[in-house]
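Below: work.txt (compact mmCIF, N, CA and C atoms)
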# COMPACT_ATOMS: atom_id res chain seq x y z
N GLN L 1 11.87 -1.42 14.61
CA GLN L 1 11.81 -1.92 13.24
C GLN L 1 10.38 -2.37 12.94
N VAL L 2 9.93 -1.97 11.75
CA VAL L 2 8.60 -2.37 11.29
C VAL L 2 8.77 -3.33 10.12
N TYR L 3 7.97 -4.35 10.09
CA TYR L 3 7.96 -5.31 8.99
C TYR L 3 6.59 -5.29 8.35
N VAL L 4 6.56 -5.31 7.02
CA VAL L 4 5.28 -5.34 6.32
C VAL L 4 5.30 -6.48 5.31
N ALA L 5 4.15 -7.09 5.12
CA ALA L 5 4.03 -8.20 4.18
C ALA L 5 2.73 -8.06 3.41
N GLU L 6 2.83 -8.07 2.08
CA GLU L 6 1.66 -7.95 1.23
C GLU L 6 1.15 -9.34 0.84
N SER L 7 -0.13 -9.39 0.55
CA SER L 7 -0.73 -10.61 0.01
C SER L 7 -1.97 -10.23 -0.78
N GLY L 8 -2.44 -11.18 -1.59
CA GLY L 8 -3.71 -10.97 -2.27
C GLY L 8 -3.61 -10.69 -3.75
N GLY L 9 -2.40 -10.61 -4.29
CA GLY L 9 -2.28 -10.37 -5.72
C GLY L 9 -2.72 -11.56 -6.53
N GLY L 10 -2.75 -11.36 -7.85
CA GLY L 10 -3.14 -12.47 -8.71
C GLY L 10 -3.50 -11.98 -10.09
N LEU L 11 -4.13 -12.88 -10.84
CA LEU L 11 -4.56 -12.61 -12.21
C LEU L 11 -6.07 -12.42 -12.23
N VAL L 12 -6.51 -11.36 -12.86
CA VAL L 12 -7.94 -11.08 -12.93
C VAL L 12 -8.25 -10.47 -14.29
N GLN L 13 -9.46 -10.68 -14.76
CA GLN L 13 -9.88 -10.08 -16.02
C GLN L 13 -10.24 -8.61 -15.83
N ALA L 14 -10.13 -7.86 -16.90
CA ALA L 14 -10.51 -6.45 -16.85
C ALA L 14 -11.96 -6.33 -16.37
N GLY L 15 -12.17 -5.36 -15.49
CA GLY L 15 -13.49 -5.18 -14.88
C GLY L 15 -13.67 -5.91 -13.58
N GLY L 16 -12.73 -6.78 -13.26
CA GLY L 16 -12.82 -7.57 -12.05
C GLY L 16 -12.27 -6.84 -10.84
N SER L 17 -12.20 -7.57 -9.73
CA SER L 17 -11.77 -6.99 -8.46
C SER L 17 -10.73 -7.87 -7.78
N LEU L 18 -9.91 -7.23 -6.98
CA LEU L 18 -8.96 -7.91 -6.11
C LEU L 18 -8.87 -7.12 -4.82
N ARG L 19 -8.54 -7.81 -3.73
CA ARG L 19 -8.26 -7.12 -2.49
C ARG L 19 -6.87 -7.50 -2.02
N LEU L 20 -6.02 -6.50 -1.86
CA LEU L 20 -4.69 -6.70 -1.34
C LEU L 20 -4.69 -6.41 0.16
N SER L 21 -3.83 -7.14 0.85
CA SER L 21 -3.66 -6.92 2.28
C SER L 21 -2.20 -6.59 2.57
N CYS L 22 -2.00 -5.78 3.59
CA CYS L 22 -0.65 -5.45 4.04
C CYS L 22 -0.65 -5.55 5.56
N ALA L 23 0.05 -6.56 6.05
CA ALA L 23 0.11 -6.78 7.49
C ALA L 23 1.40 -6.20 8.04
N ALA L 24 1.29 -5.37 9.05
CA ALA L 24 2.46 -4.77 9.68
C ALA L 24 2.73 -5.47 11.01
N SER L 25 4.01 -5.63 11.31
CA SER L 25 4.41 -6.23 12.58
C SER L 25 5.66 -5.53 13.08
N GLY L 26 6.12 -5.95 14.25
CA GLY L 26 7.26 -5.27 14.85
C GLY L 26 6.78 -4.08 15.66
N ASP L 27 7.54 -3.00 15.65
CA ASP L 27 7.19 -1.82 16.42
C ASP L 27 6.22 -0.95 15.63
N THR L 28 4.95 -1.32 15.65
CA THR L 28 3.95 -0.62 14.84
C THR L 28 3.64 0.77 15.38
N THR L 29 4.11 1.09 16.58
CA THR L 29 3.94 2.46 17.08
C THR L 29 4.74 3.46 16.26
N CYS L 30 5.67 2.95 15.46
CA CYS L 30 6.47 3.81 14.58
C CYS L 30 5.65 4.40 13.45
N ILE L 31 4.57 3.72 13.07
CA ILE L 31 3.90 4.00 11.80
C ILE L 31 3.06 5.26 11.84
N SER L 32 3.35 6.18 10.88
CA SER L 32 2.55 7.39 10.71
C SER L 32 1.52 7.22 9.60
N ALA L 33 1.89 6.45 8.60
CA ALA L 33 1.00 6.25 7.46
C ALA L 33 1.39 4.96 6.76
N MET L 34 0.42 4.40 6.07
CA MET L 34 0.66 3.21 5.27
C MET L 34 0.34 3.56 3.83
N ASN L 35 1.29 3.28 2.96
CA ASN L 35 1.16 3.62 1.54
C ASN L 35 1.10 2.36 0.69
N TRP L 36 0.41 2.48 -0.42
CA TRP L 36 0.50 1.48 -1.49
C TRP L 36 1.13 2.16 -2.71
N TYR L 37 2.21 1.56 -3.20
CA TYR L 37 2.84 1.97 -4.43
C TYR L 37 2.68 0.85 -5.45
N ARG L 38 2.91 1.17 -6.70
CA ARG L 38 2.95 0.13 -7.72
C ARG L 38 4.03 0.48 -8.75
N GLN L 39 4.54 -0.58 -9.35
CA GLN L 39 5.56 -0.40 -10.38
C GLN L 39 5.26 -1.35 -11.53
N ALA L 40 4.97 -0.75 -12.67
CA ALA L 40 4.73 -1.52 -13.88
C ALA L 40 6.05 -1.72 -14.61
N PRO L 41 6.14 -2.74 -15.46
CA PRO L 41 7.39 -3.00 -16.20
C PRO L 41 7.82 -1.77 -16.99
N GLY L 42 9.07 -1.39 -16.81
CA GLY L 42 9.61 -0.27 -17.56
C GLY L 42 9.21 1.10 -17.06
N LYS L 43 8.48 1.14 -15.95
CA LYS L 43 8.01 2.42 -15.41
C LYS L 43 8.55 2.63 -14.00
N GLU L 44 8.48 3.88 -13.55
CA GLU L 44 8.90 4.19 -12.20
C GLU L 44 7.81 3.79 -11.21
N ARG L 45 8.26 3.55 -9.98
CA ARG L 45 7.31 3.25 -8.92
C ARG L 45 6.46 4.51 -8.65
N GLU L 46 5.16 4.31 -8.51
CA GLU L 46 4.27 5.44 -8.29
C GLU L 46 3.39 5.20 -7.07
N LEU L 47 3.06 6.29 -6.40
CA LEU L 47 2.18 6.23 -5.24
C LEU L 47 0.75 6.05 -5.71
N VAL L 48 0.08 5.06 -5.16
CA VAL L 48 -1.31 4.78 -5.52
C VAL L 48 -2.27 5.39 -4.50
N THR L 49 -2.00 5.14 -3.24
CA THR L 49 -2.89 5.60 -2.18
C THR L 49 -2.17 5.52 -0.84
N PHE L 50 -2.67 6.27 0.14
CA PHE L 50 -2.18 6.11 1.49
C PHE L 50 -3.28 6.40 2.49
N ILE L 51 -3.05 5.92 3.71
CA ILE L 51 -3.93 6.22 4.83
C ILE L 51 -3.04 6.56 6.02
N THR L 52 -3.37 7.65 6.70
CA THR L 52 -2.55 8.07 7.84
C THR L 52 -3.07 7.45 9.13
N ASP L 53 -2.30 7.65 10.19
CA ASP L 53 -2.71 7.12 11.49
C ASP L 53 -3.97 7.82 12.01
N LEU L 54 -4.28 8.99 11.43
CA LEU L 54 -5.52 9.69 11.80
C LEU L 54 -6.68 9.36 10.87
N GLY L 55 -6.42 8.52 9.88
CA GLY L 55 -7.48 8.08 8.99
C GLY L 55 -7.64 8.88 7.71
N SER L 56 -6.79 9.87 7.50
CA SER L 56 -6.84 10.63 6.25
C SER L 56 -6.36 9.75 5.11
N THR L 57 -6.96 9.96 3.94
CA THR L 57 -6.60 9.14 2.79
C THR L 57 -6.28 10.02 1.59
N TYR L 58 -5.54 9.41 0.67
CA TYR L 58 -5.19 10.05 -0.60
C TYR L 58 -5.26 8.97 -1.68
N TYR L 59 -5.72 9.38 -2.87
CA TYR L 59 -5.74 8.48 -4.02
C TYR L 59 -5.16 9.18 -5.23
N ALA L 60 -4.36 8.46 -5.99
CA ALA L 60 -3.92 8.97 -7.28
C ALA L 60 -5.12 9.11 -8.20
N GLU L 61 -5.07 10.09 -9.09
CA GLU L 61 -6.20 10.32 -10.00
C GLU L 61 -6.55 9.08 -10.80
N SER L 62 -5.55 8.30 -11.15
CA SER L 62 -5.76 7.14 -12.01
C SER L 62 -6.59 6.04 -11.34
N VAL L 63 -6.70 6.08 -10.01
CA VAL L 63 -7.42 5.02 -9.30
C VAL L 63 -8.62 5.54 -8.51
N LYS L 64 -8.78 6.86 -8.50
CA LYS L 64 -9.85 7.46 -7.72
C LYS L 64 -11.21 6.94 -8.20
N GLY L 65 -12.04 6.53 -7.25
CA GLY L 65 -13.35 6.00 -7.58
C GLY L 65 -13.36 4.51 -7.85
N ARG L 66 -12.17 3.91 -7.99
CA ARG L 66 -12.09 2.46 -8.26
C ARG L 66 -11.42 1.71 -7.12
N PHE L 67 -10.46 2.35 -6.47
CA PHE L 67 -9.70 1.72 -5.38
C PHE L 67 -10.12 2.33 -4.05
N THR L 68 -10.11 1.50 -3.01
CA THR L 68 -10.43 1.97 -1.67
C THR L 68 -9.43 1.41 -0.69
N ILE L 69 -8.83 2.29 0.10
CA ILE L 69 -7.92 1.85 1.14
C ILE L 69 -8.65 1.87 2.47
N SER L 70 -8.39 0.87 3.29
CA SER L 70 -8.99 0.82 4.62
C SER L 70 -8.02 0.12 5.56
N ARG L 71 -8.34 0.15 6.83
CA ARG L 71 -7.43 -0.46 7.79
C ARG L 71 -8.21 -1.10 8.92
N ASP L 72 -7.58 -2.11 9.50
CA ASP L 72 -8.08 -2.73 10.72
C ASP L 72 -6.96 -2.57 11.73
N SER L 73 -7.07 -1.54 12.56
CA SER L 73 -6.00 -1.26 13.51
C SER L 73 -5.80 -2.38 14.51
N GLY L 74 -6.84 -3.12 14.77
CA GLY L 74 -6.74 -4.19 15.75
C GLY L 74 -5.77 -5.30 15.34
N VAL L 75 -5.60 -5.45 14.02
CA VAL L 75 -4.67 -6.47 13.52
C VAL L 75 -3.56 -5.85 12.69
N ASN L 76 -3.42 -4.52 12.80
CA ASN L 76 -2.34 -3.82 12.10
C ASN L 76 -2.27 -4.17 10.62
N THR L 77 -3.42 -4.15 9.99
CA THR L 77 -3.49 -4.53 8.58
C THR L 77 -4.21 -3.45 7.79
N VAL L 78 -3.67 -3.17 6.62
CA VAL L 78 -4.28 -2.23 5.69
C VAL L 78 -4.71 -3.01 4.46
N TYR L 79 -5.85 -2.64 3.92
CA TYR L 79 -6.40 -3.32 2.77
C TYR L 79 -6.51 -2.35 1.59
N LEU L 80 -6.34 -2.90 0.41
CA LEU L 80 -6.57 -2.14 -0.81
C LEU L 80 -7.58 -2.89 -1.65
N GLN L 81 -8.81 -2.39 -1.67
CA GLN L 81 -9.86 -2.97 -2.50
C GLN L 81 -9.78 -2.34 -3.87
N MET L 82 -9.58 -3.17 -4.88
CA MET L 82 -9.42 -2.68 -6.25
C MET L 82 -10.57 -3.21 -7.09
N ASP L 83 -11.40 -2.32 -7.56
CA ASP L 83 -12.54 -2.66 -8.39
C ASP L 83 -12.38 -2.08 -9.78
N SER L 84 -13.18 -2.58 -10.71
CA SER L 84 -13.14 -2.09 -12.09
C SER L 84 -11.71 -2.05 -12.61
N LEU L 85 -11.00 -3.12 -12.40
CA LEU L 85 -9.59 -3.15 -12.78
C LEU L 85 -9.40 -3.05 -14.28
N LYS L 86 -8.30 -2.38 -14.65
CA LYS L 86 -7.96 -2.17 -16.04
C LYS L 86 -6.60 -2.80 -16.33
N PRO L 87 -6.32 -3.14 -17.59
CA PRO L 87 -5.00 -3.69 -17.90
C PRO L 87 -3.86 -2.78 -17.45
N GLU L 88 -4.08 -1.48 -17.46
CA GLU L 88 -3.03 -0.56 -17.04
C GLU L 88 -2.79 -0.57 -15.53
N ASP L 89 -3.60 -1.29 -14.79
CA ASP L 89 -3.35 -1.46 -13.35
C ASP L 89 -2.35 -2.59 -13.10
N THR L 90 -1.97 -3.30 -14.15
CA THR L 90 -1.00 -4.38 -14.01
C THR L 90 0.33 -3.84 -13.49
N ALA L 91 0.80 -4.40 -12.40
CA ALA L 91 2.02 -3.91 -11.76
C ALA L 91 2.34 -4.79 -10.56
N VAL L 92 3.53 -4.60 -10.01
CA VAL L 92 3.83 -5.13 -8.69
C VAL L 92 3.41 -4.05 -7.69
N TYR L 93 2.60 -4.46 -6.72
CA TYR L 93 2.10 -3.53 -5.72
C TYR L 93 2.90 -3.71 -4.43
N TYR L 94 3.38 -2.59 -3.92
CA TYR L 94 4.22 -2.60 -2.73
C TYR L 94 3.54 -1.84 -1.60
N CYS L 95 3.62 -2.39 -0.42
CA CYS L 95 3.17 -1.71 0.79
C CYS L 95 4.38 -1.05 1.45
N ASN L 96 4.15 0.13 1.98
CA ASN L 96 5.22 0.91 2.60
C ASN L 96 4.68 1.53 3.89
N ALA L 97 5.32 1.22 4.99
CA ALA L 97 4.96 1.83 6.27
C ALA L 97 5.94 2.96 6.55
N VAL L 98 5.41 4.14 6.73
CA VAL L 98 6.24 5.32 6.90
C VAL L 98 6.20 5.81 8.35
N SER L 99 7.37 6.14 8.86
CA SER L 99 7.46 6.80 10.15
C SER L 99 7.93 8.22 9.92
N LEU L 100 7.05 9.18 10.15
CA LEU L 100 7.39 10.58 9.92
C LEU L 100 8.12 11.20 11.10
N THR L 101 7.92 10.67 12.28
CA THR L 101 8.51 11.26 13.47
C THR L 101 9.76 10.53 13.95
N GLY L 102 9.88 9.26 13.56
CA GLY L 102 11.00 8.47 14.05
C GLY L 102 10.84 8.00 15.48
N VAL L 103 9.68 8.32 16.07
CA VAL L 103 9.47 7.98 17.48
C VAL L 103 8.71 6.67 17.57
N GLY L 104 9.28 5.70 18.27
CA GLY L 104 8.63 4.43 18.47
C GLY L 104 8.60 4.06 19.94
N SER L 105 8.38 2.78 20.20
CA SER L 105 8.27 2.34 21.59
C SER L 105 9.59 2.44 22.33
N ARG L 106 10.68 2.52 21.57
CA ARG L 106 11.99 2.65 22.21
C ARG L 106 12.45 4.10 22.25
N GLY L 107 11.55 5.05 21.91
CA GLY L 107 11.86 6.46 22.04
C GLY L 107 12.20 7.11 20.71
N PRO L 108 12.76 8.33 20.75
CA PRO L 108 13.10 9.06 19.54
C PRO L 108 14.16 8.33 18.72
N ASP L 109 14.09 8.56 17.40
CA ASP L 109 15.07 8.00 16.47
C ASP L 109 15.16 6.47 16.54
N SER L 110 14.08 5.84 16.90
CA SER L 110 14.11 4.38 17.01
C SER L 110 13.43 3.70 15.83
N CYS L 111 12.96 4.52 14.86
CA CYS L 111 12.22 3.96 13.74
C CYS L 111 12.89 4.30 12.43
N GLU L 112 12.87 3.34 11.52
CA GLU L 112 13.27 3.61 10.15
C GLU L 112 12.16 4.42 9.49
N ARG L 113 12.53 5.35 8.61
CA ARG L 113 11.51 6.16 7.95
C ARG L 113 10.64 5.31 7.03
N ASP L 114 11.26 4.48 6.22
CA ASP L 114 10.53 3.70 5.21
C ASP L 114 10.75 2.21 5.47
N ASN L 115 9.64 1.49 5.44
CA ASN L 115 9.68 0.05 5.65
C ASN L 115 8.85 -0.60 4.55
N TRP L 116 9.52 -1.32 3.66
CA TRP L 116 8.88 -1.85 2.46
C TRP L 116 8.64 -3.34 2.55
N GLY L 117 7.56 -3.75 1.91
CA GLY L 117 7.31 -5.16 1.73
C GLY L 117 7.96 -5.65 0.45
N GLN L 118 7.79 -6.95 0.17
CA GLN L 118 8.41 -7.58 -1.00
C GLN L 118 7.61 -7.33 -2.27
N GLY L 119 6.37 -6.96 -2.13
CA GLY L 119 5.52 -6.71 -3.29
C GLY L 119 4.67 -7.90 -3.65
N THR L 120 3.57 -7.62 -4.31
CA THR L 120 2.68 -8.68 -4.80
C THR L 120 2.24 -8.32 -6.22
N GLN L 121 2.27 -9.30 -7.10
CA GLN L 121 1.99 -9.06 -8.51
C GLN L 121 0.47 -9.02 -8.75
N VAL L 122 0.05 -7.99 -9.47
CA VAL L 122 -1.33 -7.89 -9.93
C VAL L 122 -1.30 -7.84 -11.45
N THR L 123 -2.00 -8.76 -12.08
CA THR L 123 -2.05 -8.81 -13.53
C THR L 123 -3.51 -8.75 -13.97
N VAL L 124 -3.82 -7.77 -14.82
CA VAL L 124 -5.18 -7.61 -15.32
C VAL L 124 -5.18 -7.90 -16.81
N SER L 125 -5.91 -8.92 -17.20
CA SER L 125 -5.94 -9.32 -18.61
C SER L 125 -7.13 -8.68 -19.33
N THR L 126 -6.98 -8.56 -20.63
CA THR L 126 -8.07 -7.97 -21.44
C THR L 126 -9.14 -9.00 -21.75
What does the file become when written as structure tokens?
Amino acid sequence: QVYVAESGGGLVQAGGSLRLSCAASGDTTCISAMNWYRQAPGKERELVTFITDLGSTYYAESVKGRFTISRDSGVNTVYLQMDSLKPEDTAVYYCNAVSLTGVGSRGPDSCERDNWGQGTQVTVST
């Protein structure tokens, strides 16, 4: 079982910056990739960015050039640096640890595919 916990949300003015953190614990050998999703009021949850265990990254077009995902493997933490924030970035941001293989320290089929955090609110004011 993998547990993830987000932190770092808050209120910021447009053009400002925030850094979100996602700390993973439990059987972190399960993790293939760490994703950041967001969900704005009245909208579906959308994928913002991810980083794989090999360091490959992906960014949604809406955040490319403004957001940066990084990780500190030593403390099992992924960071989301958000710069040049816009009001449309306002959402609850969720961290998701994905296990693509299901293989963990206890062997095959020992990992849940998706492990979600509780979310952290990001509000960008005009």
Self-check item: Residue nearest L:Val122 - candidates L:Gly10, L:Glu44, L:Tyr59, L:Leu85, atoms counted: all atoms listed in the file
Solution: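 Residue with the minimum atom-to-atom distance to L:Val122: L:Gly10.
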Quiz prompt | Who sits within 7 Å of stretch 117-121 of chain L, all atoms listed in the file, same chain under 2 positions skipped, as number ranges by chain | solution = L: 3-11, 91-97, 115, 123
Self-check item: Contact residues around L:Ile31 with only N, CA and C atoms at 7 Å, ignoring same-chain residues under 6 positions, as a list in words
Solution: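 Everything that qualifies: Asp53, Ala97, Val98, Ser99, Leu100, Val103 and Gly104 of chain L.
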Practice problem: Quick one: pull the distance between atom CA of L:Ile51 and atom CA of L:Ala33, Å, one decimal. | Solution: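 Atom-to-atom, atom CA of L:Ile51 and atom CA of L:Ala33 are spaced 5.6 Å apart.
The interatomic distance for the pair atom N of L:Thr49 and atom C of L:Leu80 works out to 9.9 Å.
Taking atom CA of L:Gln81 and atom CA of L:Arg66 as endpoints, the distance between them is 8.2 Å.
Near L:Thr29, within a cut-off of 8 Å and counting only N, CA and C atoms, sit the residues L:Val2, L:Ser25, L:Gly26, L:Ser32, L:Ser99, L:Gly102, L:Val103, L:Gly104, L:Ser105, L:Cys111, with same-chain residues fewer than 3 positions away left out.
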Those selected residues, please, written with N, CA and C atoms and delivered as a PDB file, in the coordinates of the input.
ATOM      1  N   VAL L   2       9.930  -1.970  11.750  1.00  0.00           N
ATOM      2  CA  VAL L   2       8.600  -2.370  11.290  1.00  0.00           C
ATOM      3  C   VAL L   2       8.770  -3.330  10.120  1.00  0.00           C
ATOM      4  N   SER L  25       4.010  -5.630  11.310  1.00  0.00           N
ATOM      5  CA  SER L  25       4.410  -6.230  12.580  1.00  0.00           C
ATOM      6  C   SER L  25       5.660  -5.530  13.080  1.00  0.00           C
ATOM      7  N   GLY L  26       6.120  -5.950  14.250  1.00  0.00           N
ATOM      8  CA  GLY L  26       7.260  -5.270  14.850  1.00  0.00           C
ATOM      9  C   GLY L  26       6.780  -4.080  15.660  1.00  0.00           C
ATOM     10  N   SER L  32       3.350   6.180  10.880  1.00  0.00           N
ATOM     11  CA  SER L  32       2.550   7.390  10.710  1.00  0.00           C
ATOM     12  C   SER L  32       1.520   7.220   9.600  1.00  0.00           C
ATOM     13  N   SER L  99       7.370   6.140   8.860  1.00  0.00           N
ATOM     14  CA  SER L  99       7.460   6.800  10.150  1.00  0.00           C
ATOM     15  C   SER L  99       7.930   8.220   9.920  1.00  0.00           C
ATOM     16  N   GLY L 102       9.880   9.260  13.560  1.00  0.00           N
ATOM     17  CA  GLY L 102      11.000   8.470  14.050  1.00  0.00           C
ATOM     18  C   GLY L 102      10.840   8.000  15.480  1.00  0.00           C
ATOM     19  N   VAL L 103       9.680   8.320  16.070  1.00  0.00           N
ATOM     20  CA  VAL L 103       9.470   7.980  17.480  1.00  0.00           C
ATOM     21  C   VAL L 103       8.710   6.670  17.570  1.00  0.00           C
ATOM     22  N   GLY L 104       9.280   5.700  18.270  1.00  0.00           N
ATOM     23  CA  GLY L 104       8.630   4.430  18.470  1.00  0.00           C
ATOM     24  C   GLY L 104       8.600   4.060  19.940  1.00  0.00           C
ATOM     25  N   SER L 105       8.380   2.780  20.200  1.00  0.00           N
ATOM     26  CA  SER L 105       8.270   2.340  21.590  1.00  0.00           C
ATOM     27  C   SER L 105       9.590   2.440  22.330  1.00  0.00           C
ATOM     28  N   CYS L 111      12.960   4.520  14.860  1.00  0.00           N
ATOM     29  CA  CYS L 111      12.220   3.960  13.740  1.00  0.00           C
ATOM     30  C   CYS L 111      12.890   4.300  12.430  1.00  0.00           C
TER      31      CYS L 111
END
Exercise. Go through L:Ser17, L:Ser56, L:Gly74, L:Cys30 one by one, measure the shortest atom-to-atom distance of each to L:Gly107 using only C-alpha atoms, and give the residue with the smallest value.
Key: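 Of L:Ser17, L:Ser56, L:Gly74, L:Cys30, the one nearest L:Gly107 is L:Cys30, counting only C-alpha atoms.
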Quiz item: Which residue gives the smallest distance to L:Phe67 among L:Arg45, L:Lys86, L:Arg113, L:Arg106, with only C-alpha atoms counted?
Solution: L:Lys86
